[in-house]
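Below is one structure, written out as structure tokens; comments come after it.
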Number of protein chains: 2
Amino acid sequence: MTNRTENKNCIVAQSGGPTAAINASLAGVIQGVFCSESFDTIYGSINGILGILNNRLMNLSEQSQNRPHFIETLKTSPAMYLGSCRYKLPDYKEDTEPYQKIFRLFEKMNISAFFYIGGNDSMDTVMKLGHYGKRIGSPISIIGIPKTIDNDLCITDHTPGYGSAAKFVASSLLEIAHDTFIYAVKSVTIVEIMGRDAGWLTAAAALARNDYNAAPHLIYLPEVAFSKETFLHDVEKLLTTKNNVIIAVSEGIRDEEGNYISSAAAAADTFGHSQLSGTGKALEYMIKDHIGVKVRSIELNVLQRCASHTASLTDLNESFQLGVKAVEGAEQGETMCMLTMHRTSQVPYCINIHFSSVDDIANQAKSIPREWINEAGNDVTPELLDYMRPLIQGEPDLKYQEGLPVYLPVDHLL
Amino acid sequence: MTNRTENKNCIVAQSGGPTAAINASLAGVIQGVFCSESFDTIYGSINGILGILNNRLMNLSEQSQNRPHFIETLKTSPAMYLGSCRYKLPDYKEDTEPYQKIFRLFEKMNISAFFYIGGNDSMDTVMKLGHYGKRIGSPISIIGIPKTIDNDLCITDHTPGYGSAAKFVASSLLEIAHDTFIYAVKSVTIVEIMGRDAGWLTAAAALARNDYNAAPHLIYLPEVAFSKETFLHDVEKLLTTKNNVIIAVSEGIRDEEGNYISSAAAAADTFGHSQLSGTGKALEYMIKDHIGVKVRSIELNVLQRCASHTASLTDLNESFQLGVKAVEGAEQGETMCMLTMHRTSQVPYCINIHFSSVDDIANQAKSIPREWINEAGNDVTPELLDYMRPLIQGEPDLKYQEGLPVYLPVDHLL
């Protein structure tokens, strides 16, 4: 294995939605390959698995040797250096063509490991490639590296990217609270946070609370059925003792029947513009119509997943570590697996990294356990706060130029 | 004047909308009073001028002596430590009551200077109090300290708060560009930026451009009449050469007849929810209906004005300086004035501070000069970029605790 003449190459790709930490995992993989005695060259596949199918690869070994500070800058750059895709492989029992194309390229380029950094859907790709490879007796390691701001992957304690998004949500909530407290008039502020099926990111709003700030005063998650009546009652009650009520709500809340609150509200619009009314807007109108207090809704938008200027150092370091570890795993023959984090200690916070079967992870999702949500279903418990807090710790030492953070150029995507 | 027994007190208040730098000016005033030999105690009026009318004052000298790091933490805290108001004084020729109340309190508390930190409307208060004071022969200095993210105050080169908001807008645009470039499918992204009447803050989006990023590719400002046809043509043309078109648009753009684009679009909605459709949404629908490409609109929301975690150090330092200088002005007998900044050198960037008559500033607004906008009306010129760039330079050294920035508690507002 350590004989230079026998050395092999590897390919890495990124897929799914951006996070502030997915490039840190890519940086870790590149670093891992540099430290490895088993690999010569690492290639990046542009736009996920599509880059392999369409022959769009870049030589990352060369890139990182020729560009000063490549790995450090990559570690703190937002979104995806290699671009992304939303491509789902067909079942190989029905259509082997893309599989044959992929494994032919692997063979041609002397590839012995493929690393796929992504979320739920990307792990489906890892699983399918792994099973196909096994069937044809391929020795190539197929390894998934997790990322998602949604924090909804199974088995792993948490997912890379979540900590940075959670830090952005919590610090935004704190700043919005300062912004809101300045007027001595009754008001309600609704902050809509990403997370269609799981409330992990919305729950992070609770980290904004401190000695003087009790906001968000109410938190609504997809894990608990949303009732308009209870919601209005919650808000009215709070308004009797507070001037400014601040509410964190997941974009994915649903009523008893499982209907999204946003779409229910939008159905009233005959112009077919159902995307007009987000969940925050829907709650805003409920309050306007029934309570009649000053109300504003705020959508935190894509900055939740790409605001690298306020990433969590813990998150970046863990994401990088997973990348390095993935290369070690490939050297040791691991395949059809995803790297998972396991919390071995809470104080001091500590995680171990395992390789878990991707069959147990792909196409599954992890919600917040009901016991980490209060009985009324409008707040989180101290256990959930304890779980989240270590993940947002630390601030990366970003380089700035001309007043803006320095990120790695992405000309090759344009 | 320097005789301790003759010393006087002063009052400071904040008004209008928040900025990331308005507390830096407050910190400067407090620091100025500490350094002054003319003033004993500085009081803060809670919720702007309303605090004086409703007898809600806090002793800031005491606060800053009793709390460790009070002034430094205040300097980097978002929104308004003293709260705000949207109160307009009546014409004193019609109603002297509030004026009498205010000047009676000034006399009772031995006040010799009143500092009002705010924008356009707040300078109206400074002007009116100044004129009334002059009429009754009051020796009290009434001094305005500018702040607004809109950058639309006259005479001053720029306004405190603008640089930090501009830095947030530019860095968000850059991060959104990274987020957008990852997919190899045609798309349009519209970013809606604050500024109802002037396009200064929207123009700051252009600072996101660098060697690899040409976004925003189009910029629409309130200073130029918006034409739907030209807009669609602009976008279609760009889409022939680019995958991802990113557009910065001011919330305040209007058509030839002066109608807001947002309200024009919302008029189509018979449900009376005119606030549903912001300017970004209006442009989104134009593209959906006429071009049919993947399109998303993003509203940067209140974080533009309160994201202290990414404030401009230049802005914070200037805002602080203005506060200190205001106290010096009061000692020298300045009154009925607002502090203004005057750029004496571009490289190296340098400003001087003057005291300008508030009569020339209150109730007036400064737009972007037409020659700083390109002929087509869809971009800014290099002159405007040169003007803006120095204002976003430098990053404050924020303290963090438990993963979040440490801001000054505002219990007294709750």
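We name chains A, B, ... following the order of the structure tokens; residues begin at 1 in each chain, and ligands are numbered from 1 as shown.
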Please produce, as CSV, a per-residue contact table for chain B versus chain A (criterion: any atom at most 8 Å away, only C-alpha atoms considered), showing the nearest atom pair and its distance in Å to one decimal, sorted by chain then residue number.
residue,atom,partner,partner_atom,distance
B:Pro18,CA,A:Asp179,CA,6.5
B:Asn47,CA,A:Tyr183,CA,6.9
B:Pro78,CA,A:His178,CA,6.4
B:Ala79,CA,A:Asp179,CA,5.1
B:Met80,CA,A:Ile182,CA,6.2
B:Tyr81,CA,A:Ile182,CA,7.7
B:Leu82,CA,A:Ile182,CA,7.4
B:Gly83,CA,A:Ile182,CA,4.0
B:Ser84,CA,A:Ile182,CA,5.2
B:Cys85,CA,A:Tyr183,CA,6.2
B:Lys167,CA,A:Gly403,CA,7.1
B:Ala170,CA,A:Leu404,CA,7.6
B:Ser171,CA,A:Leu404,CA,6.0
B:Ser172,CA,A:Leu303,CA,7.1
B:Glu175,CA,A:Cys306,CA,6.0
B:Ile176,CA,A:Cys306,CA,7.0
B:His178,CA,A:Ala79,CA,5.8
B:Asp179,CA,A:Ala79,CA,5.1
B:Phe181,CA,A:Leu413,CA,6.5
B:Ile182,CA,A:Gly83,CA,4.0
B:Tyr183,CA,A:Ser84,CA,5.6
B:Ala184,CA,A:Asn47,CA,7.1
B:Ala208,CA,A:Leu404,CA,7.8
B:Asp211,CA,A:Pro409,CA,7.9
B:Tyr212,CA,A:Asp411,CA,5.6
B:Asn213,CA,A:Asp411,CA,7.9
B:Lys242,CA,A:Leu414,CA,7.5
B:Asn243,CA,A:Leu414,CA,7.3
B:Asp269,CA,A:Phe271,CA,7.7
B:Phe271,CA,A:Asp269,CA,7.6
B:Leu276,CA,A:Leu276,CA,6.6
B:Ser277,CA,A:Leu276,CA,7.1
B:Lys281,CA,A:Leu276,CA,7.7
B:Ile298,CA,A:Asn301,CA,6.5
B:Glu299,CA,A:Glu299,CA,7.6
B:Leu300,CA,A:Leu300,CA,8.0
B:Asn301,CA,A:Ile298,CA,6.5
B:Val302,CA,A:Ile176,CA,7.2
B:Leu303,CA,A:Ile176,CA,7.0
B:Cys306,CA,A:Glu175,CA,6.0
B:Ala307,CA,A:Glu175,CA,6.3
B:Ser308,CA,A:Glu175,CA,7.5
B:His309,CA,A:Thr310,CA,8.0
B:Thr310,CA,A:His309,CA,8.0
B:Ser312,CA,A:Gly403,CA,7.6
B:Arg389,CA,A:Glu402,CA,7.3
B:Ile392,CA,A:Gly403,CA,5.3
B:Gln393,CA,A:Gly403,CA,4.2
B:Gly394,CA,A:Gly403,CA,5.7
B:Glu395,CA,A:Gly403,CA,7.5
B:Glu402,CA,A:Gln393,CA,6.0
B:Gly403,CA,A:Gln393,CA,4.2
B:Leu404,CA,A:Ser171,CA,6.0
B:Pro405,CA,A:Ser171,CA,7.2
B:Pro409,CA,A:Tyr212,CA,5.8
B:Val410,CA,A:Tyr212,CA,6.7
B:Asp411,CA,A:Tyr212,CA,5.6
B:Leu413,CA,A:Phe181,CA,6.5
B:Leu414,CA,A:Phe181,CA,6.8
Discussion item. Applying 8 Å and only C-alpha atoms, which residues near Glu334 in chain A remain after dropping the ones on its own chain fewer than 5 positions away? List them as a PyMOL selection string.
Written reply: chain A and resi 141-143+329+355
Once you have the residues from the selection above, write them out as a short mmCIF file (atom, residue, chain, number, x, y, z; two decimals), in the first residue's frame, restricted to N, CA, C and O atoms.
data_model
loop_
_atom_site.label_atom_id
_atom_site.label_comp_id
_atom_site.auth_asym_id
_atom_site.auth_seq_id
_atom_site.Cartn_x
_atom_site.Cartn_y
_atom_site.Cartn_z
N SER A 141 -13.40 2.23 -2.60
CA SER A 141 -14.08 2.71 -1.39
C SER A 141 -15.07 3.81 -1.76
O SER A 141 -14.68 4.79 -2.38
N ILE A 142 -16.31 3.65 -1.36
CA ILE A 142 -17.32 4.69 -1.58
C ILE A 142 -17.72 5.20 -0.20
O ILE A 142 -18.33 4.48 0.59
N ILE A 143 -17.37 6.45 0.07
CA ILE A 143 -17.54 6.95 1.44
C ILE A 143 -18.33 8.26 1.45
O ILE A 143 -18.02 9.18 0.69
N GLY A 329 -10.10 6.32 6.39
CA GLY A 329 -11.03 5.19 6.24
C GLY A 329 -10.84 4.48 4.91
O GLY A 329 -10.83 3.24 4.86
N PHE A 355 -17.32 4.99 11.46
CA PHE A 355 -17.82 4.74 10.11
C PHE A 355 -19.08 3.91 10.26
O PHE A 355 -19.02 2.80 10.79
#
Practice prompt. Name the closest residue to Ile291 in chain B among the candidates B:Trp200, B:Phe231, B:Phe320, B:Tyr116; distances are taken between atoms, counting only C-alpha atoms.
Written response: B:Phe231
Practice prompt. From the DSSP assignment of the backbone, select every residue of range 112-340 of chain B that is strand (DSSP E), and format the answer as an NGL selection string.
Written response: :B and (112-118 or 141-146 or 187-193 or 218-220 or 244-250 or 294-299 or 337-340)
Store the residues picked out above, limited to C-alpha atoms, as a JSON list (two decimals), in the first residue's frame.
[["chain", "number", "residue", "atom", "x", "y", "z"],
["B", 112, "SER", "CA", -26.70, 72.76, 29.67],
["B", 113, "ALA", "CA", -26.62, 70.46, 26.64],
["B", 114, "PHE", "CA", -28.97, 68.09, 24.88],
["B", 115, "PHE", "CA", -27.60, 65.62, 22.30],
["B", 116, "TYR", "CA", -29.98, 63.91, 19.92],
["B", 117, "ILE", "CA", -28.64, 61.02, 17.87],
["B", 118, "GLY", "CA", -30.83, 60.32, 14.88],
["B", 141, "SER", "CA", -26.80, 73.68, 23.50],
["B", 142, "ILE", "CA", -29.04, 71.58, 21.31],
["B", 143, "ILE", "CA", -26.87, 69.37, 19.11],
["B", 144, "GLY", "CA", -27.76, 66.69, 16.57],
["B", 145, "ILE", "CA", -25.55, 63.67, 15.92],
["B", 146, "PRO", "CA", -26.37, 62.00, 12.62],
["B", 187, "SER", "CA", -31.42, 31.09, -12.47],
["B", 188, "VAL", "CA", -32.15, 34.63, -11.38],
["B", 189, "THR", "CA", -31.70, 35.78, -7.79],
["B", 190, "ILE", "CA", -33.16, 39.09, -6.66],
["B", 191, "VAL", "CA", -31.91, 40.71, -3.47],
["B", 192, "GLU", "CA", -34.15, 43.42, -2.02],
["B", 193, "ILE", "CA", -32.32, 46.05, 0.00],
["B", 218, "LEU", "CA", -27.85, 44.56, -12.33],
["B", 219, "ILE", "CA", -28.64, 47.28, -9.77],
["B", 220, "TYR", "CA", -31.94, 49.17, -9.64],
["B", 244, "ASN", "CA", -26.83, 32.78, -12.62],
["B", 245, "VAL", "CA", -27.97, 36.38, -12.77],
["B", 246, "ILE", "CA", -28.00, 38.24, -9.46],
["B", 247, "ILE", "CA", -29.90, 41.51, -9.10],
["B", 248, "ALA", "CA", -29.78, 44.10, -6.32],
["B", 249, "VAL", "CA", -32.93, 46.17, -6.03],
["B", 250, "SER", "CA", -33.96, 48.93, -3.69],
["B", 294, "LYS", "CA", -35.80, 29.53, -11.99],
["B", 295, "VAL", "CA", -36.07, 32.66, -9.84],
["B", 296, "ARG", "CA", -35.83, 33.47, -6.14],
["B", 297, "SER", "CA", -36.13, 36.74, -4.24],
["B", 298, "ILE", "CA", -34.36, 37.44, -0.96],
["B", 299, "GLU", "CA", -35.17, 40.25, 1.45],
["B", 337, "CYS", "CA", -26.36, 72.27, 14.64],
["B", 338, "MET", "CA", -25.63, 68.77, 13.47],
["B", 339, "LEU", "CA", -22.15, 67.28, 13.23],
["B", 340, "THR", "CA", -21.12, 66.68, 9.64]]
Item to complete: Considering only C-alpha atoms, state which residue in the set A:Gly44, A:Ala27, A:Leu283, A:Asp124 is at the smallest distance from Phe70 in chain A.
Response: A:Ala27
Practice prompt. Could you give me the residues within range 8-126 of chain B that DSSP places in alpha helix (DSSP H), as an MDAnalysis selection string?
Written response: chainID B and resid 22:35 49:53 60:66 70:75 97:108 120:126
Response to the item:
A straight line from CA of Ala206 in chain B to CA of Ala376 in chain B spans 15.8 Å
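Closest approach to Ala282 in chain A among A:Val380, A:Ile253, A:Met336, A:Leu316: A:Ile253, based on only C-alpha atoms.
What separates CA of Gly161 in chain B from CA of Asn23 in chain B is a distance of 9.8 Å.
From CA of Leu105 in chain A back to CA of Gly51 in chain A, the distance works out to 11.0 Å.
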Discussion item. When you look at Asn363 in chain B with a cut-off of 7 Å (counting only C-alpha atoms), what residues show up, excluding the ones that are within fewer than 2 positions of it in the same chain? I need them as a list of chain:residue names.
Written reply: B:Asn120, B:Asp121, B:Asp124, B:Ile361, B:Ala365
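Comparing B:Leu398, B:Met58, B:His217, B:Tyr92 by their smallest distance to Lys237 in chain B, the closest is B:His217 (using only C-alpha atoms).
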Practice prompt. Considering only C-alpha atoms, state which residue in the set A:Glu107, A:Ser64, A:Lys88, A:Lys8 is at the smallest distance from Val29 in chain A.
Written response: A:Ser64
Fill in: Shell of 6 Å around range 196-198 of chain A, only C-alpha atoms, local chain residues under 5 positions omitted, as a PyMOL selection string
chain A and resi 222+251-252+367
Serialized selection, C-alpha atoms, as a PDB file, in the first residue's frame:
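Dumped everything to part18.pdb:
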ATOM      1  CA  PRO A 222     -42.532  20.768  12.654  1.00  0.00           C
ATOM      2  CA  GLU A 251     -40.956  26.955   7.680  1.00  0.00           C
ATOM      3  CA  GLY A 252     -42.197  23.380   7.977  1.00  0.00           C
ATOM      4  CA  SER A 367     -36.540  14.626  14.162  1.00  0.00           C
TER       5      SER A 367
END
